[in-house]
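Participant: So that you have it, the file is target_6.pdb, and it contains PDB, C-alpha atoms:
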```pdb
ATOM      1  CA  MET C 792      -4.979  -8.416  17.508
ATOM      2  CA  THR C 793      -3.152  -6.911  14.520
ATOM      3  CA  ARG C 794       0.612  -6.614  15.055
ATOM      4  CA  VAL C 795       2.435  -3.543  13.723
ATOM      5  CA  VAL C 796       6.007  -2.248  13.456
ATOM      6  CA  VAL C 797       6.423   1.556  13.409
ATOM      7  CA  VAL C 798       9.395   3.018  11.516
ATOM      8  CA  ASP C 799      10.074   6.742  11.980
ATOM      9  CA  ASP C 800      13.227   8.666  12.876
ATOM     10  CA  GLN C 801      11.422  10.842  15.448
ATOM     11  CA  THR C 802      10.995   9.216  18.849
ATOM     12  CA  LEU C 803       8.049  11.436  19.790
ATOM     13  CA  VAL C 804       6.210  10.536  16.579
ATOM     14  CA  ARG C 805       6.742   6.815  17.158
ATOM     15  CA  GLN C 806       5.461   7.142  20.715
ATOM     16  CA  GLY C 807       2.429   9.087  19.514
ATOM     17  CA  ILE C 808       1.583   6.507  16.873
ATOM     18  CA  ARG C 809       2.011   3.716  19.421
ATOM     19  CA  THR C 810      -0.433   5.448  21.779
ATOM     20  CA  LEU C 811      -3.001   5.980  19.033
ATOM     21  CA  LEU C 812      -2.774   2.407  17.791
ATOM     22  CA  ASP C 813      -3.081   1.104  21.341
ATOM     23  CA  LEU C 814      -6.345   3.039  21.704
ATOM     24  CA  ALA C 815      -7.560   1.353  18.517
ATOM     25  CA  GLY C 816      -6.691  -2.122  19.800
ATOM     26  CA  ILE C 817      -3.653  -2.571  17.538
ATOM     27  CA  GLU C 818      -0.435  -3.931  19.045
ATOM     28  CA  VAL C 819       2.914  -2.280  18.245
ATOM     29  CA  VAL C 820       5.456  -5.111  18.401
ATOM     30  CA  GLY C 821       8.510  -3.120  17.348
ATOM     31  CA  GLU C 822       9.960   0.277  16.492
ATOM     32  CA  ALA C 823      12.863   1.450  14.328
ATOM     33  CA  ASP C 824      14.405   4.821  13.482
ATOM     34  CA  ASP C 825      15.670   4.068   9.962
ATOM     35  CA  GLY C 826      15.405   1.544   7.148
ATOM     36  CA  GLU C 827      18.306  -0.647   8.204
ATOM     37  CA  ALA C 828      17.033  -0.988  11.762
ATOM     38  CA  ALA C 829      13.560  -1.631  10.369
ATOM     39  CA  LEU C 830      14.691  -4.746   8.505
ATOM     40  CA  ALA C 831      16.089  -6.226  11.715
ATOM     41  CA  VAL C 832      12.979  -5.418  13.759
ATOM     42  CA  ILE C 833      10.643  -6.754  11.072
ATOM     43  CA  GLY C 834      12.635  -9.979  10.879
ATOM     44  CA  GLU C 835      12.487 -10.437  14.651
ATOM     45  CA  SER C 836       8.828  -9.559  15.231
ATOM     46  CA  SER C 837       7.030 -10.760  12.046
ATOM     47  CA  PRO C 838       4.337  -8.042  12.112
ATOM     48  CA  ASP C 839       1.099  -8.060  10.123
ATOM     49  CA  VAL C 840       1.689  -4.502   8.852
ATOM     50  CA  VAL C 841       4.617  -2.058   8.775
ATOM     51  CA  LEU C 842       4.031   1.688   9.182
ATOM     52  CA  LEU C 843       6.900   3.401   7.387
ATOM     53  CA  ASP C 844       8.067   7.003   7.147
ATOM     54  CA  LEU C 845       9.902   7.903   3.930
ATOM     55  CA  ARG C 846      12.236  10.740   4.911
ATOM     56  CA  MET C 847      14.759   9.367   7.392
ATOM     57  CA  PRO C 848      18.545   9.866   7.722
ATOM     58  CA  ARG C 849      20.967   7.201   6.436
ATOM     59  CA  TYR C 850      18.617   4.445   5.192
ATOM     60  CA  ASP C 851      15.264   5.966   4.228
ATOM     61  CA  GLY C 852      11.854   4.457   3.555
ATOM     62  CA  ILE C 853      12.420   3.874  -0.168
ATOM     63  CA  TRP C 854      15.632   1.995   0.657
ATOM     64  CA  ALA C 855      13.726  -0.185   3.130
ATOM     65  CA  LEU C 856      10.942  -0.894   0.624
ATOM     66  CA  ASN C 857      13.434  -1.958  -2.027
ATOM     67  CA  ARG C 858      15.300  -4.237   0.390
ATOM     68  CA  LEU C 859      12.061  -5.843   1.591
ATOM     69  CA  ARG C 860      11.056  -6.478  -2.012
ATOM     70  CA  GLU C 861      14.441  -8.038  -2.809
ATOM     71  CA  LEU C 862      14.069 -10.310   0.205
ATOM     72  CA  GLY C 863      10.691 -11.453  -1.074
ATOM     73  CA  GLY C 864       8.869 -10.030   1.915
ATOM     74  CA  GLU C 865       5.102 -10.387   1.918
ATOM     75  CA  ILE C 866       4.420  -8.080   4.868
ATOM     76  CA  PRO C 867       2.268  -5.149   3.682
ATOM     77  CA  VAL C 868       3.803  -1.707   4.137
ATOM     78  CA  LEU C 869       1.744   1.419   4.822
ATOM     79  CA  VAL C 870       3.675   4.622   4.170
ATOM     80  CA  LEU C 871       2.762   7.215   6.802
ATOM     81  CA  THR C 872       4.464  10.537   6.111
ATOM     82  CA  THR C 873       4.095  14.311   6.068
ATOM     83  CA  PHE C 874       5.218  14.456   2.426
ATOM     84  CA  ASP C 875       2.737  14.318  -0.454
ATOM     85  CA  ASP C 876       5.179  14.816  -3.345
ATOM     86  CA  ASP C 877       3.741  13.049  -6.412
ATOM     87  CA  GLU C 878       7.011  11.466  -7.500
ATOM     88  CA  LEU C 879       7.743  10.277  -3.964
ATOM     89  CA  VAL C 880       4.310   8.640  -3.778
ATOM     90  CA  LEU C 881       4.901   6.876  -7.086
ATOM     91  CA  GLU C 882       8.381   5.784  -6.099
ATOM     92  CA  ALA C 883       7.072   4.287  -2.852
ATOM     93  CA  LEU C 884       4.235   2.438  -4.580
ATOM     94  CA  ARG C 885       6.518   1.121  -7.297
ATOM     95  CA  ALA C 886       8.919  -0.066  -4.598
ATOM     96  CA  GLY C 887       6.167  -2.182  -3.068
ATOM     97  CA  ALA C 888       4.185  -0.019  -0.615
ATOM     98  CA  ARG C 889       0.592  -1.185  -0.348
ATOM     99  CA  GLY C 890      -0.757   2.037   1.137
ATOM    100  CA  TYR C 891       0.057   5.734   1.455
ATOM    101  CA  LEU C 892      -1.357   8.091   4.084
ATOM    102  CA  LEU C 893      -0.409  11.528   5.339
ATOM    103  CA  LYS C 894       0.149  12.038   9.050
ATOM    104  CA  ASP C 895      -2.873  14.294   9.399
ATOM    105  CA  VAL C 896      -5.211  11.270   9.483
ATOM    106  CA  THR C 897      -7.505  10.543  12.405
ATOM    107  CA  VAL C 898      -7.135   7.551  14.718
ATOM    108  CA  GLU C 899     -10.091   5.921  12.990
ATOM    109  CA  GLN C 900      -8.603   6.433   9.527
ATOM    110  CA  LEU C 901      -5.258   5.029  10.604
ATOM    111  CA  ALA C 902      -6.842   1.997  12.258
ATOM    112  CA  ARG C 903      -8.957   1.389   9.181
ATOM    113  CA  ALA C 904      -5.890   1.609   6.929
ATOM    114  CA  VAL C 905      -3.972  -0.887   9.073
ATOM    115  CA  ALA C 906      -6.920  -3.287   9.011
ATOM    116  CA  THR C 907      -7.273  -2.917   5.244
ATOM    117  CA  LEU C 908      -3.642  -3.823   4.584
ATOM    118  CA  ALA C 909      -3.697  -6.652   7.127
ATOM    119  CA  GLU C 910      -6.623  -8.156   5.233
ATOM    120  CA  GLY C 911      -4.825  -7.963   1.897
ATOM    121  CA  GLY C 912      -6.161  -4.645   0.605
ATOM    122  CA  THR C 913      -4.484  -1.493  -0.666
ATOM    123  CA  LEU C 914      -5.134   2.120   0.287
ATOM    124  CA  ILE C 915      -4.087   5.546  -0.979
ATOM    125  CA  ALA C 916      -5.160   8.755   0.752
ATOM    126  CA  PRO C 917      -8.083  10.302  -1.172
ATOM    127  CA  SER C 918      -6.430  13.726  -0.870
ATOM    128  CA  ILE C 919      -3.650  12.690  -3.257
ATOM    129  CA  THR C 920      -5.493  10.278  -5.566
ATOM    130  CA  ASP C 921      -6.381  12.809  -8.291
ATOM    131  CA  ARG C 922      -2.823  14.153  -8.493
ATOM    132  CA  LEU C 923      -1.473  10.616  -8.513
ATOM    133  CA  VAL C 924      -3.685   9.683 -11.467
ATOM    134  CA  ARG C 925      -2.404  12.678 -13.443
ATOM    135  CA  ALA C 926       1.211  11.867 -12.600
ATOM    136  CA  ILE C 927       0.790   8.230 -13.642
ATOM    137  CA  GLN C 928      -1.001   8.985 -16.904
ATOM    138  CA  SER C 929       1.605  11.559 -17.948
ATOM    139  CA  GLY C 930       4.565   9.304 -17.234
ATOM    140  CA  PRO C 931       5.915   5.957 -18.425
ATOM    141  CA  PRO C 932       4.151   2.673 -17.602
ATOM    142  CA  PRO C 933       4.786   1.862 -13.933
ATOM    143  CA  VAL C 934       5.631  -1.777 -14.648
ATOM    144  CA  GLY C 935       8.537  -1.273 -17.050
ATOM    145  CA  ALA C 936       9.058  -1.086 -20.789
ATOM    146  CA  ASP C 937       8.922  -4.854 -21.220
ATOM    147  CA  ALA C 938       5.450  -5.200 -19.716
ATOM    148  CA  PRO C 939       3.050  -7.284 -21.831
ATOM    149  CA  ALA C 940       0.115  -5.621 -23.524
ATOM    150  CA  VAL C 941      -2.959  -5.248 -21.345
ATOM    151  CA  GLN C 942      -5.699  -7.755 -22.093
ATOM    152  CA  GLU C 943      -9.275  -6.518 -22.015
ATOM    153  CA  LEU C 944     -10.975  -6.880 -18.653
ATOM    154  CA  THR C 945     -14.563  -7.996 -18.280
ATOM    155  CA  GLU C 946     -17.141  -5.727 -16.690
ATOM    156  CA  ARG C 947     -16.981  -7.797 -13.490
ATOM    157  CA  GLU C 948     -13.185  -7.646 -13.413
ATOM    158  CA  VAL C 949     -13.257  -3.854 -13.737
ATOM    159  CA  GLU C 950     -15.771  -3.740 -10.888
ATOM    160  CA  VAL C 951     -13.465  -5.831  -8.711
ATOM    161  CA  LEU C 952     -10.482  -3.708  -9.749
ATOM    162  CA  ARG C 953     -12.272  -0.512  -8.697
ATOM    163  CA  LEU C 954     -12.884  -2.012  -5.267
ATOM    164  CA  ILE C 955      -9.229  -3.048  -5.031
ATOM    165  CA  ALA C 956      -8.263   0.550  -5.818
ATOM    166  CA  ALA C 957     -10.620   1.736  -3.086
ATOM    167  CA  GLY C 958      -8.793  -0.421  -0.549
ATOM    168  CA  TYR C 959     -11.231  -3.307  -0.186
ATOM    169  CA  SER C 960      -9.935  -6.724   0.860
ATOM    170  CA  ASN C 961     -11.086  -9.884  -0.933
ATOM    171  CA  ARG C 962     -13.549 -10.588   1.843
ATOM    172  CA  GLU C 963     -15.042  -7.104   1.628
ATOM    173  CA  ILE C 964     -15.227  -7.274  -2.170
ATOM    174  CA  ALA C 965     -17.083 -10.582  -1.884
ATOM    175  CA  GLU C 966     -19.647  -8.944   0.392
ATOM    176  CA  VAL C 967     -20.143  -5.982  -1.952
ATOM    177  CA  VAL C 968     -20.522  -7.922  -5.205
ATOM    178  CA  PHE C 969     -22.283 -10.931  -3.624
ATOM    179  CA  LEU C 970     -19.726 -13.525  -4.642
ATOM    180  CA  ALA C 971     -17.843 -16.216  -2.738
ATOM    181  CA  GLU C 972     -14.432 -15.064  -1.501
ATOM    182  CA  GLY C 973     -12.809 -17.835  -3.532
ATOM    183  CA  THR C 974     -14.434 -16.479  -6.688
ATOM    184  CA  VAL C 975     -13.125 -13.006  -5.900
ATOM    185  CA  LYS C 976      -9.621 -14.429  -5.452
ATOM    186  CA  ASN C 977      -9.912 -16.018  -8.898
ATOM    187  CA  HIS C 978     -10.980 -12.659 -10.375
ATOM    188  CA  VAL C 979      -8.010 -10.932  -8.710
ATOM    189  CA  SER C 980      -5.592 -13.521 -10.118
ATOM    190  CA  THR C 981      -7.044 -13.039 -13.605
ATOM    191  CA  ILE C 982      -6.814  -9.248 -13.303
ATOM    192  CA  LEU C 983      -3.128  -9.464 -12.356
ATOM    193  CA  LEU C 984      -2.495 -11.779 -15.308
ATOM    194  CA  LYS C 985      -4.320  -9.558 -17.800
ATOM    195  CA  LEU C 986      -2.534  -6.426 -16.582
ATOM    196  CA  GLY C 987       0.840  -8.160 -16.576
ATOM    197  CA  VAL C 988       1.651  -7.352 -12.945
ATOM    198  CA  ARG C 989       2.449  -9.359  -9.840
ATOM    199  CA  ASP C 990       0.518  -7.597  -7.091
ATOM    200  CA  ARG C 991      -2.568  -5.508  -6.361
ATOM    201  CA  THR C 992      -0.754  -2.191  -5.993
ATOM    202  CA  ARG C 993       0.871  -2.495  -9.415
ATOM    203  CA  ALA C 994      -2.468  -3.569 -10.850
ATOM    204  CA  VAL C 995      -4.007  -0.299  -9.692
ATOM    205  CA  LEU C 996      -1.037   1.726 -10.956
ATOM    206  CA  ARG C 997      -1.156   0.146 -14.410
ATOM    207  CA  ALA C 998      -4.939   0.413 -14.616
ATOM    208  CA  LEU C 999      -4.666   4.129 -13.839
ATOM    209  CA  HIS C1000      -1.946   4.567 -16.448
ATOM    210  CA  GLU C1001      -3.936   2.724 -19.105
ATOM    211  CA  GLY C1002      -7.096   4.684 -18.357
ATOM    212  CA  ILE C1003      -9.028   1.632 -17.175
ATOM    213  CA  LEU C1004      -9.720   3.431 -13.909
ATOM    214  CA  ARG C1005     -10.498   7.150 -14.051
TER     215      ARG C1005
END
```
In structure tokens, write the structure found in this file.
Facilitator:
Amino acid sequence: MTRVVVVDDQTLVRQGIRTLLDLAGIEVVGEADDGEAALAVIGESSPDVVLLDLRMPRYDGIWALNRLRELGGEIPVLVLTTFDDDELVLEALRAGARGYLLKDVTVEQLARAVATLAEGGTLIAPSITDRLVRAIQSGPPPVGADAPAVQELTEREVEVLRLIAAGYSNREIAEVVFLAEGTVKNHVSTILLKLGVRDRTRAVLRALHEGILR
């Protein structure tokens, strides 16, 4: 059973999410009402996925993402919020979020998103993807000014990258392209190297900025 921590400043929202996840067979192992409390709960419960709101008093979601990144945390974070501001989305992804959904999702969509992140995938709500692409391509590179030049990707690597952007895990990509999972992992490592990034989310962001994915 996938283990989840829910971080939201509204008690009723946390309870609602817990109920929905329980119906989907996902265990909520902790709750927190701000970023600082979230760090403590995450450290105590070691969840598979963190569901994180962005707008919270005192220590917000962006603060929590930055602290988790500084601590070298590998737990995937799914931002679940009512806000779809382009800059806020970008800031969350650049801070290390692996997924971004609005709170109007169905139980099935939420469960699928949690499973995707738990399996190593990434996911961005389709409703904001087009606007996100425009925001990325009109702004500075998301990986910093000192990022190395992008090396050309092979046709297979672009195919794998598109599936990463669509939220597929390595196992799912292997099934789609009829390759061994180990081979897919090698492709992912090469893609990260060629794009000059350290994780899948930043790979998608840079590929969007460079026009590799449209």
Participant: Here is a test: counting all atoms listed in the file, which residue of C:Ala998, C:Ala906, C:Leu859, C:Leu970 is nearest to Leu944 (chain C)?
Facilitator: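 Going through C:Ala998, C:Ala906, C:Leu859, C:Leu970 one by one, the smallest distance to Leu944 (chain C) is for C:Ala998.
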Participant: On this file, the PyMOL selection byres ((chain C and resi 961-967) around 8) gives some set of residues; write that set as a PyMOL selection string.
Facilitator: chain C and resi 910-912+951+954-955+959-960+968-972+975-976
Participant: Work out how far apart CA of Glu946 (chain C) and CA of Arg889 (chain C) are and give it in Å to one decimal.
Facilitator: 24.5 Å
Participant: Report as a compact mmCIF listing (two decimals) with C-alpha atoms, in the coordinates of the input all protein, DNA and RNA residues lying within 10 Å of Tyr850 (chain C), evaluated on only C-alpha atoms, omitting residues in the same chain fewer than 5 positions from it.
Facilitator:
```txt
# COMPACT_ATOMS: atom_id res chain seq x y z
CA ASP C 824 14.40 4.82 13.48
CA ASP C 825 15.67 4.07 9.96
CA GLY C 826 15.40 1.54 7.15
CA GLU C 827 18.31 -0.65 8.20
CA ALA C 828 17.03 -0.99 11.76
CA ALA C 829 13.56 -1.63 10.37
CA LEU C 845 9.90 7.90 3.93
CA ALA C 855 13.73 -0.18 3.13
```
Participant: Just so the selection is clear, what residues does the PyMOL selection byres ((chain C and resi 886) around 8) cover here, as a list in words?
Facilitator: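 Evaluating the PyMOL selection byres ((chain C and resi 886) around 8) on these coordinates yields Ile853, Leu856, Asn857, Arg860, Glu882, Ala883, Leu884, Arg885, Gly887 and Ala888 of chain C.
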Participant: Any chance you can output those residues with C-alpha atoms as a JSON list (two decimals), in the coordinates of the input?
Facilitator:
```json
[["chain", "number", "residue", "atom", "x", "y", "z"],
["C", 853, "ILE", "CA", 12.42, 3.87, -0.17],
["C", 856, "LEU", "CA", 10.94, -0.89, 0.62],
["C", 857, "ASN", "CA", 13.43, -1.96, -2.03],
["C", 860, "ARG", "CA", 11.06, -6.48, -2.01],
["C", 882, "GLU", "CA", 8.38, 5.78, -6.10],
["C", 883, "ALA", "CA", 7.07, 4.29, -2.85],
["C", 884, "LEU", "CA", 4.24, 2.44, -4.58],
["C", 885, "ARG", "CA", 6.52, 1.12, -7.30],
["C", 887, "GLY", "CA", 6.17, -2.18, -3.07],
["C", 888, "ALA", "CA", 4.18, -0.02, -0.62]]
```
Participant: Would you kindly return, as JSON, numbers by chain, each protein, DNA or RNA residue with an atom no farther than 10 Å from any atom of Val832 (chain C), considering all atoms listed in the file and excluding same-chain residues fewer than 3 positions away?
Facilitator: {"C": [796, 797, 798, 820, 821, 822, 823, 826, 827, 828, 829, 835, 836, 837, 838]}
